[in-house]
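A short write-up of the structure that comes next.
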Amino acid sequence: MKATELGDFEELVLMAICVIGSQAYAVNVKAELENRLQKRINISAIHTALYRLEDKGFLKSEIGGATKERGGRRKRFFMPTAAGKSAIAKLKAVREGMYKLIPDISNG
Amino acid sequence: MDKKEKLSPPKWADTLLSWYCRNDRFEEIQGDLHELFQERINEYSMRKARLLYFWDVIRCFKSYAIKKRIHSSSSHIAMFKNYFLIALRNLLRYKTYSVINIFGLTLGIVCFTYIFLFVKHELSFDKFHENTENVYTVPLTWHFGATVLPTARATSRVGPLLKESFPEVTSFLRIKNPGKTIVKSSLLISQEHQIFYSDSSFFDLFTFPLLEGDPQTALIEPNSVVITSSLAQKYFGNDWQALSLVGKTLNIEGIEYEITGLVQEPPSNSHLQFTGLMSFSTLPESKGGGDFSGSSYMTYISTLGGVNSLTLDQKVDTLMANMFEEGTSVTLDITPLKDIYLESGMETGLGPISDVKYIYIFSLIGLVIILIACINYMNLSTSRSVERAKEVGVRKVMGALRRQLTTQFLSESVLITLMALILGIACIFLLLPLFNQLTGKTFAAVSLLNSDLVLALGLIWVSVSLLAGIYPALILSGFKVNNILKGSFKFSTSGSWLRRSLVIVQFTISATLIVATAVIHQQLNFIQNENLGFDQDQVIAIPFSDDVKKGLTTLKNELGNVDGVLDLAATMQLPGRVQFESTMAHKEGEENRHLMRLIPGDVNYINTLSLKLMAGEDFNDLRDKEKYQFIINEQTAKFFEWDLEEALGQPLKIWNSEWGTIIGVVKDFHFASLHEEIKPLIMFYQPEEYFMHRNLMVKLKTSELAKTIEAVEGTWKRLYPEKPFSYTFLDDYFGKLYSKEEKLSEMFTLFSVIAIFIGSLGLFGLASYTAFQRSKEIGVRKALGATVSSITFLLSVDFTKQVIISLLFSLPLAYFLMDNWLQSFAYHVEVGWGVMFFSALLVLFISWVTVGYKSVRAALTNPVETLRNE
C-alpha cells in the first residue's frame, strides 16, 4: 500500500487538525473546513479522511472523556504525528517552489 | 410524541446505524451525528433536522464504518471453496438427485426463457416507430338503430375530415388492401397478397427506412410503387441491387407502376406486414376528400405531441353525430398505434393480430413451470436432510454460525442453478428452430444475445437459487447440535407436511394443464369434425382477378367439360368468412329494417356446395333477370316468421332499394366460424360476370381428385397462360379460422407434458428416497412374510393420497377455467366427466408408474441385503 500518498482533501483535513490543536475531532474539523472553504461538507467525508489518515500513520487518536452535549457519548480526538507534520511541510515546500517559477500568476 | 423524543434524532435511523456500524467506532460516529443534529435544531425546522440526520446515517454507510462480518477475507474465500467442494461431492455422490434437480431446473429455465422471449416480442409490437406515441388508428363503428356493427377500418372520408376539423391532427393515412394482386416483371408473373394502397404520408407516420428513394415524395404521384427488398429480389433476381430499380416499372394488375423507392422489410414486430405500397392517388376514390361509402380503408392519424386521446375521442364523437340520416350513425374509436396488435382485437387485414389474453396465459405457465422445478429442489434437499445432519452437527461444533451454514446451503443451490442455467442456455440455442416453428416467429440466434436476455437469465439465476434454496438452507442450518450428535436425530418430520403440500401444488398444476389440454383437443376435434352443412371435402375454390372475370363464361364452360368436375359456381366470399352483416333487409308491409348477411351466388350455387334445399329451387338463369332472386336460410325464415313453404315467393328488399323474390330455403349451414351461432343469411343470384365475384367454386368427383385438379389447372393454363393458378379446398380454408386455437392447443400440449414430466421427476426422487429410508423396515416386513404387492402398496399409498388430493383441487379449477374458455364458441363440447375421469386416471397412472418402479424394486430386494449390515 502506498501509505505515504496524501490526497487533496486529506491534506486539508490534516492541516485543519494542526490548526485546531489539541481538541480536534470530526465535528469541529468539519466546521473549520466549511468555514474556510465556504462550502458544505458531509460528515462522512471527514470521517473517511480521518480514519484513512490514521491508517496511513499521519494521525494518531485517543478517546476523550464523556461529554454533556452529545448524550454522554465520548469523542475521538485526533492529533498529527511527526510523519503527518513533515508531510505537510514537504508538500508546502514543493508547492512554494513551483509557485515561484510561475511567471506572473495574477495575470493568469 | 413527548418533548424529549421530539428533540432527539429519529429512532429508526439510529437503529439502522447500529445495525451496520462496527462496534468500536459506533459511539464516536453516533456522537458526531448527534452533535450535528443538535446544532441543526437551532438552524432548521425539526423535520428538516431529522431528515438531515437520516441522510447523514445513509452517507456514513462507508467502508470505515461498516461491520466486518467475516473476519478475514482469505479464510472467507477458503470457506467458499470448501462449500463448493462439499456441494460438488454431494452432487457426484447422489447422482440421481443431482440429475433430477439439474434436469428439472434446466427444463424450467428453457421454458421460462422461451416464454420470456415470446412475450417480450409480443409486447414490442409497433413500438419501433419514432412517432409511436402520437399515432392512432380510427376504426369506424356503424350504428343502425339498435344494431352495432364494429369494423377495423374506416371510410375514405374519415381521414381527410379529421384533419380538416381538428388542428391537433397533423396528418392522416389511409391504407387499402386490394387482396390478391398479380405482379408481372420481365422475369416472373406471380400473386402477391401484401401489396397495399397507401397515402403519401406513410413514411411520416411510420418509421420504415427507405434503402433508396425519397420518403417524402415516393407515394405522391399516381401509379408509383415502393417495394421491399424481398419483393425486388423475387421479381428482379438476385442481382437486383445492381439494377438501380428506382425509376424502373413493375406491372401490377395490368397497370405499369413506376418504382419510386425501395424499403427495408418491415420488422416482425409490426402489425403492418407489406411487400409493396402503391400510391393511394392511383385510386379513383382519392379524388376530392373521399366519401362515406364502403369502409375498407385502415385509417391512421398522427397528432401533435401531448394530445389527450380521450378528449380528441369526445370531440370526434360530437363531430360525427348528426352526420347521417335518422337511424344511422357512426362512431370512431381513437386507438393508439401500440394497442392495435394486442388490445384491439381488430381484423386489420394488413398483418398479424394477437390477444393480450395469450400473454397472460403464457407468462403464467412460464412461472408455474419454473415453480414446479423449484419445488423439486426444495423437496429433494429437505427430504435428504438426515444425510446432511451429521455434517451440520460437526460444522456447528467447530464454531460455524447458523448464518454461515445458511450461506453454505444457499451456495449449493446457486451452484446447481448455475449448472442448470448453462445447460439451459445451450438448449435454448439448440432448440431455437423448434421454438420458431411452434410460435411462428423468426428469432435469430444472434438476436438473442442482447442485454435484456442476459439480465433475465441473471434474474432467473438469482431468484431460482433463492426460491429453491432458501427453505432447505434454513431447515438444514437450524438443526440442534446435541440432537444430531447424540444420535437421537431421525427422519425429520417437521418439513414433511410442507413437502406433501408442495407435491400437491405440483400435481394440481400438472393436472389442471392436462385437463385443459384434453378439453382444447376435444373442442378442436369437435369443430373440425362438426357437420358444417355444406360439402367442404370435395369442393375447391379458385380465386380470380378482374381481368379473368371478363372471360369467366368461357372458363366455366371449359371447366364444365373437364372429366370429374361435377358442378361449379362463382361467388364472392367463401363459407367461413361471411362474417359481417352487410345489408339491410325488410319484408313487405314492414317498416323495420334488419341487418343481415349477404352472399352473391351464381347459377348452381346450392348444388355446388351440396346445401340441402328445404323448399324451392337453386339459382338459375331462366328467370326474369330484372328482378332479384333470393335463397334464404332457415334462420332468416324464422326471423321473418315464415314457414318454409310460406317463404317461397315472398318479396324482400335489400340495400333499401332492390326488391326481389325468395325462390328457395336452405337448411342452416355454417358460413362463419363456430365461434358464433348461425345467423340469418340471404343469398342472391348474380351471373358469373357480376363485379363482386372473386372465387370460382368447383365441385370434384372424390374418386379422382388429383387427376381432376390437374386437368382443371391445364384448362386454366391454356386459357390464361399469363395468370398464376391457385386453389384451396374449402375444408382447409375453413380450418384456417381456428389457427389460433390450434397454436394454443400445441402450446398447451407441450407445456403440460413438460409440467407433468418435471413433477414426476420430483416424485420419483422422493419415492426412491422413501424406499431407501424404509429399506430396513421393508426387510423386516419381508422376513416376517409380507408379499411384494403389499409392500408396493404400502410404499405407494402415501403418494397416491397426495395425488388424489391434488386432483380434488385441480378438477374443479380446470372445470371453471375451461368452461370459461368454451364459452367463446357458440358450438362447443361440455367439460364432461369423461375428460375429467380420463385426465385424473392419466395423472394417477403417471404417478403410479413413477412411484411404483421404485416401490417394486424396494419390495423385490432380498431382506438379507438390507438387514445384514446392522
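Ligands are numbered from 1 in the order shown, residues from 1 within each chain, and chains are lettered A, B, ... in the order they appear in the C-alpha cells.
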Listing only residues of chain A within 9 Å of chain B, what is the closest atom pair and its distance in Å (to one decimal) for each, using only C-alpha atoms, sorted by chain and residue number ascending, as a tab-separated table?
residue	atom	partner	partner_atom	distance
A:Tyr25	CA	B:Asp32	CA	8.7
A:Ala26	CA	B:Asp32	CA	6.8
A:Val27	CA	B:Asp32	CA	6.0
A:Asn42	CA	B:Asp56	CA	7.4
A:Ile43	CA	B:Asp56	CA	7.1
A:Ser44	CA	B:Cys60	CA	5.0
A:Ala45	CA	B:Cys60	CA	8.3
A:His47	CA	B:Tyr64	CA	7.8
A:Thr48	CA	B:Tyr64	CA	6.4
A:Tyr51	CA	B:Tyr64	CA	6.9
A:Arg52	CA	B:Tyr64	CA	8.2
A:Ile63	CA	B:Glu28	CA	8.6
A:Glu69	CA	B:Glu35	CA	7.0
A:Arg70	CA	B:Glu35	CA	5.5
A:Gly71	CA	B:Gly31	CA	7.6
A:Gly72	CA	B:Gly31	CA	8.3
A:Arg73	CA	B:Gly31	CA	5.4
A:Arg74	CA	B:Glu28	CA	6.1
A:Lys75	CA	B:Glu28	CA	5.3
A:Arg76	CA	B:Glu28	CA	6.2
- request: Show which residues sit within 12 Å of Leu459 in chain B, as a list in words. Count only C-alpha atoms, and ignore same-chain residues fewer than 5 positions away.
  value: Ile109, Phe112, Thr113, Thr417, Leu418, Leu421, Asp452, Leu453, Val454, Val464, Ser465, Leu466 and Leu467 of chain B
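Counting only C-alpha atoms, the residue from B:Phe507, B:Leu860, B:Leu423, B:Leu123 that sits nearest to Ser775 in chain B is B:Leu860.
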- prompt: Neighbours of Ala445 in chain B within 8 Å (only C-alpha atoms; same-chain residues fewer than 3 positions away dropped), as a PyMOL selection string?
  reply: chain B and resi 429+432+448-449
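If you measure from each of B:Ala647, B:Leu210, B:Leu555, B:Val330 to Gly714 in chain B using only C-alpha atoms, the closest one turns out to be B:Leu555.
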Determine, counting only C-alpha atoms, which protein, DNA and RNA residues have an atom within 9 Å of an atom of Lys390 in chain B; residues of the same chain fewer than 3 positions away are not included. Present the result as a short mmCIF file (atom, residue, chain, number, x, y, z; two decimals) with N, CA and C atoms, in the first residue's frame.
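New file selection.cif:
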data_model
loop_
_atom_site.label_atom_id
_atom_site.label_comp_id
_atom_site.auth_asym_id
_atom_site.auth_seq_id
_atom_site.Cartn_x
_atom_site.Cartn_y
_atom_site.Cartn_z
N VAL B 386 -31.34 -35.91 6.65
CA VAL B 386 -30.66 -36.78 7.60
C VAL B 386 -29.20 -36.99 7.22
N GLU B 387 -29.00 -37.16 5.89
CA GLU B 387 -27.63 -37.40 5.44
C GLU B 387 -26.73 -36.21 5.75
N GLY B 393 -23.96 -30.88 12.17
CA GLY B 393 -23.57 -31.00 13.57
C GLY B 393 -22.10 -30.71 13.76
N VAL B 394 -21.27 -31.35 12.95
CA VAL B 394 -19.83 -31.18 13.12
C VAL B 394 -19.43 -29.74 12.85
N ARG B 395 -20.00 -29.17 11.79
CA ARG B 395 -19.68 -27.77 11.48
C ARG B 395 -20.06 -26.86 12.64
N VAL B 481 -27.58 -29.10 17.64
CA VAL B 481 -26.35 -29.88 17.65
C VAL B 481 -26.46 -31.12 18.52
N ILE B 484 -28.42 -34.02 17.06
CA ILE B 484 -27.75 -34.70 15.95
C ILE B 484 -26.66 -35.62 16.47
N LEU B 485 -25.81 -35.07 17.34
CA LEU B 485 -24.62 -35.82 17.71
C LEU B 485 -24.89 -36.91 18.72
#
message: Need to verify the contact set: Asp819 in chain B, 10 Å, only C-alpha atoms, exclusion of same-chain residues closer than 2 positions in sequence. Can you return it as an MDAnalysis selection string?
response: chainID B and resid 516 519 813:817 821:824 828:831
Go ahead and write the selection's residues with C-alpha atoms as a PDB file, in the first residue's frame.
ATOM      1  CA  ALA B 516     -57.028 -28.001 -20.181  1.00  0.00           C
ATOM      2  CA  VAL B 519     -60.545 -30.070 -23.397  1.00  0.00           C
ATOM      3  CA  LEU B 813     -60.276 -25.393 -11.091  1.00  0.00           C
ATOM      4  CA  ALA B 814     -59.829 -26.830 -14.571  1.00  0.00           C
ATOM      5  CA  TYR B 815     -63.588 -27.136 -14.998  1.00  0.00           C
ATOM      6  CA  PHE B 816     -64.056 -23.493 -14.157  1.00  0.00           C
ATOM      7  CA  LEU B 817     -61.247 -22.289 -16.437  1.00  0.00           C
ATOM      8  CA  TRP B 821     -62.857 -20.742 -22.471  1.00  0.00           C
ATOM      9  CA  LEU B 822     -65.512 -22.833 -24.191  1.00  0.00           C
ATOM     10  CA  GLN B 823     -67.997 -20.012 -23.845  1.00  0.00           C
ATOM     11  CA  SER B 824     -66.126 -18.244 -26.635  1.00  0.00           C
ATOM     12  CA  HIS B 828     -68.821 -26.370 -28.115  1.00  0.00           C
ATOM     13  CA  VAL B 829     -68.367 -29.580 -26.203  1.00  0.00           C
ATOM     14  CA  GLU B 830     -69.097 -29.644 -22.498  1.00  0.00           C
ATOM     15  CA  VAL B 831     -66.337 -30.256 -19.980  1.00  0.00           C
TER      16      VAL B 831
END
field: Filtered DSSP result for range 508-750 of chain B, state helix (DSSP H, G or I), as a PyMOL selection string
entry: chain B and resi 508-529+546-549+552-560+605-608+634-639+644-647+702-719+730-750
query: Contacts of Leu117 in chain B at 12 Å or less, counting only C-alpha atoms, minus same-chain residues fewer than 2 places along, as a ChimeraX atom specification?
result: /B:110-115,119-124,359,362-363,366,428,432,435-436,439,441-445,447-450,452-454,456-457
Print the selection's residues with N, CA and C atoms to a file, as a tab-separated table (two decimals), in the first residue's frame.
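Everything below was put into result.tsv:
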chain	number	residue	atom	x	y	z
B	110	VAL	N	-35.43	-23.33	-19.59
B	110	VAL	CA	-35.62	-23.24	-21.04
B	110	VAL	C	-37.04	-22.75	-21.36
B	111	CYS	N	-38.04	-23.37	-20.72
B	111	CYS	CA	-39.42	-22.95	-20.97
B	111	CYS	C	-39.60	-21.48	-20.62
B	112	PHE	N	-39.10	-21.13	-19.47
B	112	PHE	CA	-39.29	-19.77	-19.00
B	112	PHE	C	-38.65	-18.77	-19.96
B	113	THR	N	-37.43	-19.09	-20.40
B	113	THR	CA	-36.74	-18.16	-21.29
B	113	THR	C	-37.47	-18.01	-22.62
B	114	TYR	N	-37.91	-19.14	-23.16
B	114	TYR	CA	-38.65	-19.06	-24.41
B	114	TYR	C	-39.92	-18.23	-24.25
B	115	ILE	N	-40.61	-18.45	-23.16
B	115	ILE	CA	-41.83	-17.68	-22.94
B	115	ILE	C	-41.48	-16.21	-22.77
B	119	VAL	N	-43.05	-13.39	-25.10
B	119	VAL	CA	-43.84	-12.30	-24.52
B	119	VAL	C	-43.19	-10.95	-24.83
B	120	LYS	N	-41.87	-10.92	-24.71
B	120	LYS	CA	-41.16	-9.67	-24.97
B	120	LYS	C	-41.40	-9.22	-26.41
B	121	HIS	N	-41.34	-10.19	-27.32
B	121	HIS	CA	-41.56	-9.86	-28.72
B	121	HIS	C	-42.98	-9.37	-28.94
B	122	GLU	N	-43.95	-10.03	-28.32
B	122	GLU	CA	-45.33	-9.61	-28.48
B	122	GLU	C	-45.54	-8.20	-27.94
B	123	LEU	N	-44.89	-7.91	-26.82
B	123	LEU	CA	-45.08	-6.59	-26.20
B	123	LEU	C	-44.36	-5.49	-26.98
B	124	SER	N	-43.41	-5.88	-27.83
B	124	SER	CA	-42.63	-4.86	-28.53
B	124	SER	C	-43.31	-4.38	-29.81
B	359	ILE	N	-50.81	-13.49	-23.72
B	359	ILE	CA	-49.63	-13.03	-22.99
B	359	ILE	C	-49.76	-13.44	-21.53
B	362	PHE	N	-49.49	-17.34	-21.13
B	362	PHE	CA	-48.16	-17.91	-21.27
B	362	PHE	C	-47.21	-17.45	-20.17
B	363	SER	N	-47.34	-16.19	-19.75
B	363	SER	CA	-46.49	-15.74	-18.65
B	363	SER	C	-46.75	-16.61	-17.43
B	366	GLY	N	-45.21	-20.02	-17.79
B	366	GLY	CA	-43.76	-19.95	-17.62
B	366	GLY	C	-43.38	-19.94	-16.15
B	428	ILE	N	-31.37	-23.62	-25.19
B	428	ILE	CA	-32.12	-22.51	-25.79
B	428	ILE	C	-31.64	-22.26	-27.21
B	432	LEU	N	-33.80	-23.59	-30.78
B	432	LEU	CA	-34.42	-22.39	-31.33
B	432	LEU	C	-35.28	-22.64	-32.58
B	435	PHE	N	-38.61	-23.90	-31.58
B	435	PHE	CA	-39.40	-22.85	-30.95
B	435	PHE	C	-40.00	-21.92	-32.00
B	436	ASN	N	-39.18	-21.57	-33.00
B	436	ASN	CA	-39.66	-20.71	-34.08
B	436	ASN	C	-40.83	-21.36	-34.80
B	439	THR	N	-44.01	-21.16	-32.57
B	439	THR	CA	-44.65	-19.87	-32.35
B	439	THR	C	-44.91	-19.12	-33.64
B	441	LYS	N	-42.69	-17.50	-35.13
B	441	LYS	CA	-41.84	-16.32	-35.13
B	441	LYS	C	-40.50	-16.69	-35.78
B	442	THR	N	-39.68	-15.68	-36.01
B	442	THR	CA	-38.36	-15.97	-36.56
B	442	THR	C	-37.31	-15.29	-35.70
B	443	PHE	N	-37.01	-15.90	-34.58
B	443	PHE	CA	-35.93	-15.38	-33.75
B	443	PHE	C	-34.62	-15.91	-34.29
B	444	ALA	N	-33.65	-15.03	-34.47
B	444	ALA	CA	-32.33	-15.49	-34.89
B	444	ALA	C	-31.47	-15.63	-33.64
B	445	ALA	N	-30.57	-16.63	-33.68
B	445	ALA	CA	-29.75	-16.90	-32.50
B	445	ALA	C	-28.96	-15.65	-32.10
B	447	SER	N	-29.77	-12.56	-32.44
B	447	SER	CA	-30.59	-11.51	-31.83
B	447	SER	C	-30.89	-11.81	-30.37
B	448	LEU	N	-30.66	-13.08	-29.96
B	448	LEU	CA	-30.91	-13.41	-28.57
B	448	LEU	C	-29.88	-12.79	-27.64
B	449	LEU	N	-28.69	-12.57	-28.21
B	449	LEU	CA	-27.60	-12.10	-27.36
B	449	LEU	C	-27.74	-10.61	-27.10
B	450	ASN	N	-28.75	-10.23	-26.35
B	450	ASN	CA	-28.84	-8.82	-26.01
B	450	ASN	C	-28.92	-8.66	-24.50
B	452	ASP	N	-31.11	-7.55	-22.53
B	452	ASP	CA	-32.35	-7.95	-21.87
B	452	ASP	C	-32.32	-9.40	-21.47
B	453	LEU	N	-31.89	-10.25	-22.41
B	453	LEU	CA	-31.88	-11.67	-22.12
B	453	LEU	C	-30.86	-11.99	-21.04
B	454	VAL	N	-29.70	-11.38	-21.13
B	454	VAL	CA	-28.67	-11.60	-20.11
B	454	VAL	C	-29.21	-11.21	-18.74
B	456	ALA	N	-32.37	-11.07	-17.89
B	456	ALA	CA	-33.42	-12.01	-17.49
B	456	ALA	C	-32.81	-13.29	-16.94
B	457	LEU	N	-31.76	-13.79	-17.63
B	457	LEU	CA	-31.13	-15.03	-17.18
B	457	LEU	C	-30.48	-14.82	-15.81
message: Residues of range 273-392 of chain B classed as strand (DSSP E or B) by DSSP on the backbone are to be reported as a ChimeraX atom specification.
response: /B:276-279,297-303,328-332,335-336
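CA of Ala16 in chain A is positioned 6.2 Å from CA of Val29 in chain A.
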